[in-house]
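**Q** Mind looking over this structure? Questions follow.
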Amino acid sequence: MSKQYLNFVPKSFKYFIFLFFIGHLDASKDIDILEYLSELDVVSKFEDRKRGLMLKESIPENYGMFFVWPYEKKQCMWMKDTYVSLSVAYIDRKGKILEIYDMVPLSKNSVCSKKASKYALEVNSGWFAKNNINVGDEIKVKKVLSYDK
């Protein structure tokens with residue numbers, strides 16, 4: 001065998017092993033949102049989603065509203081008649097957080113997801129950062145959905 005071939009095989013094997021392990025690294029975490037929130041409302045009916053947190057002057061520090069749509073698509077939220085500063089996370093059908101946005105009280109501007117979303121979680125502004133919950137993390141959706149009334 002040639003010397004070039006003998007050098008190529010071990011180097012290739014090292015790169016393969018490196019790529020194999022690096023491909024399985026995942027910084028995201030599975031989140032049981034109920035361990036973070038003392039109170040959670042799950043809203044899946046059109047009228048409940050439409051009303052959201054409108055007219056609320058305040059919400060508890062660890063309160064969240066989990067929105068459920070019938071199918072996955074680009075979703076939009078707005079803050080019309082909502083006095084509380086909120087953050088929203090758009091979530092796919094598997095529970096992966098796709099995007100997080102801060103929203104401005106009383107704004108009529110829509111805050112839309114860039115990707116198709118099945119769920120959204122609204123909490124007090126800055127709550128995600130405070131709890132080190134980030135884009136890419138996965139929420140245990142089945143557990144949350146069991147709270148839908």
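Within each chain, counting starts at residue 1; across the structure tokens, chains are named A, B, ... in the order shown, with ligands numbered 1 upward in that order.
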Hey, what's within 10 Å of Arg93 (chain A) if we count only C-alpha atoms and toss same-chain stuff fewer than 5 positions away? As an NGL selection string, please?
**A** :A and (68-69 or 71-72 or 116-119 or 141)
**Q** Residues as selected, C-alpha atoms, written as a PDB file, in the first residue's frame, can you do that?
**A**
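Full text of selection_34.pdb as output:
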ATOM      1  CA  VAL A  68     -53.040  26.191  20.841  1.00  0.00           C
ATOM      2  CA  TRP A  69     -54.044  26.508  17.185  1.00  0.00           C
ATOM      3  CA  TYR A  71     -52.948  23.440  12.742  1.00  0.00           C
ATOM      4  CA  GLU A  72     -49.387  24.563  12.223  1.00  0.00           C
ATOM      5  CA  ALA A 116     -44.971  27.603  11.001  1.00  0.00           C
ATOM      6  CA  SER A 117     -46.062  27.321  14.650  1.00  0.00           C
ATOM      7  CA  LYS A 118     -48.687  25.241  16.403  1.00  0.00           C
ATOM      8  CA  TYR A 119     -48.350  26.859  19.833  1.00  0.00           C
ATOM      9  CA  VAL A 141     -46.218  19.865  25.093  1.00  0.00           C
TER      10      VAL A 141
END
**Q** Contacts of Glu39 (chain A) at 9 Å or less, counting only C-alpha atoms, minus same-chain residues fewer than 3 places along, as a tab-separated table (two decimals) with N, CA and C atoms, in the first residue's frame?
**A**
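Output file part_30.tsv follows:
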chain	number	residue	atom	x	y	z
A	34	LEU	N	-44.37	23.55	33.49
A	34	LEU	CA	-45.14	23.63	34.73
A	34	LEU	C	-44.22	23.70	35.96
A	60	PRO	N	-49.43	37.63	37.43
A	60	PRO	CA	-48.41	37.17	38.37
A	60	PRO	C	-47.06	36.95	37.68
A	62	ASN	N	-44.94	34.51	37.64
A	62	ASN	CA	-44.75	33.21	36.99
A	62	ASN	C	-46.06	32.68	36.43
A	63	TYR	N	-46.71	33.52	35.65
A	63	TYR	CA	-47.96	33.17	34.98
A	63	TYR	C	-47.69	33.07	33.48
A	64	GLY	N	-48.37	32.13	32.83
A	64	GLY	CA	-48.25	32.02	31.38
A	64	GLY	C	-49.57	31.66	30.75
A	65	MET	N	-49.72	32.05	29.50
A	65	MET	CA	-50.88	31.66	28.70
A	65	MET	C	-50.33	30.91	27.49
**Q** Using only C-alpha atoms, find the one residue out of A:Glu122, A:Asp137, A:Glu57, A:Asp48 that sits nearest to Asp92 (chain A).
**A**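 Going through A:Glu122, A:Asp137, A:Glu57, A:Asp48 one by one, the smallest distance to Asp92 (chain A) is for A:Asp137.
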**Q** Write out as a PyMOL selection string the set of residues from region 94-133 of chain A that DSSP, computed on the backbone, places in strand (DSSP E or B).
**A** chain A and resi 96-103+111-112+117-124
**Q** Got time to write the residues from that selection, C-alpha atoms, as a compact mmCIF listing (two decimals), in the first residue's frame?
**A**
# COMPACT_ATOMS: atom_id res chain seq x y z
CA LYS A 96 -39.42 23.21 19.97
CA ILE A 97 -39.20 26.94 20.65
CA LEU A 98 -38.69 28.54 17.25
CA GLU A 99 -38.70 32.25 18.08
CA ILE A 100 -39.03 34.56 21.09
CA TYR A 101 -40.20 38.16 20.85
CA ASP A 102 -40.84 41.00 23.30
CA MET A 103 -44.11 42.81 22.66
CA VAL A 111 -45.82 40.14 15.97
CA CYS A 112 -45.73 37.17 13.61
CA SER A 117 -46.06 27.32 14.65
CA LYS A 118 -48.69 25.24 16.40
CA TYR A 119 -48.35 26.86 19.83
CA ALA A 120 -47.33 30.08 21.52
CA LEU A 121 -46.49 30.88 25.14
CA GLU A 122 -47.04 34.40 26.49
CA VAL A 123 -45.36 35.39 29.75
CA ASN A 124 -44.16 38.59 31.43
**Q** Nearest to Trp127 (chain A) among A:Thr82, A:Ser58, A:Ser44, A:Ser87, with distances taken over only C-alpha atoms: which residue is it?
**A**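 Closest to Trp127 (chain A) of all the choices is A:Ser87.
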**Q** For a quick check of understanding, using only C-alpha atoms, which of A:Lys80, A:Lys29, A:Lys130, A:Lys74 has the smallest distance to Leu53 (chain A)?
**A**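 Residue with the minimum atom-to-atom distance to Leu53 (chain A): A:Lys80.
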**Q** Looking at only C-alpha atoms, which of A:Lys115, A:Lys94, A:Arg51, A:Lys56 is the one that sits closest to Glu138 (chain A)?
**A**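 Of A:Lys115, A:Lys94, A:Arg51, A:Lys56, the one nearest Glu138 (chain A) is A:Lys94, counting only C-alpha atoms.
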**Q** What does the structure give for the distance between CA of Leu40 (chain A) and CA of Leu106 (chain A), in Å to one decimal?
**A**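 Between CA of Leu40 (chain A) and CA of Leu106 (chain A) the gap works out to 22.4 Å.
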**Q** DSSP says helix (DSSP H, G or I) for which residues of region 24-105 of chain A? Put them as a list in words?
**A** Ile33, Leu34, Glu35, Phe46, Glu47, Asp48, Arg49, Lys50 and Arg51 of chain A
**Q** Do you know which residues are at most 7 Å from Ile139 (chain A) counting only C-alpha atoms, after dropping those on the same chain fewer than 5 positions away, and could you put them as a count of residues only?
**A** 6
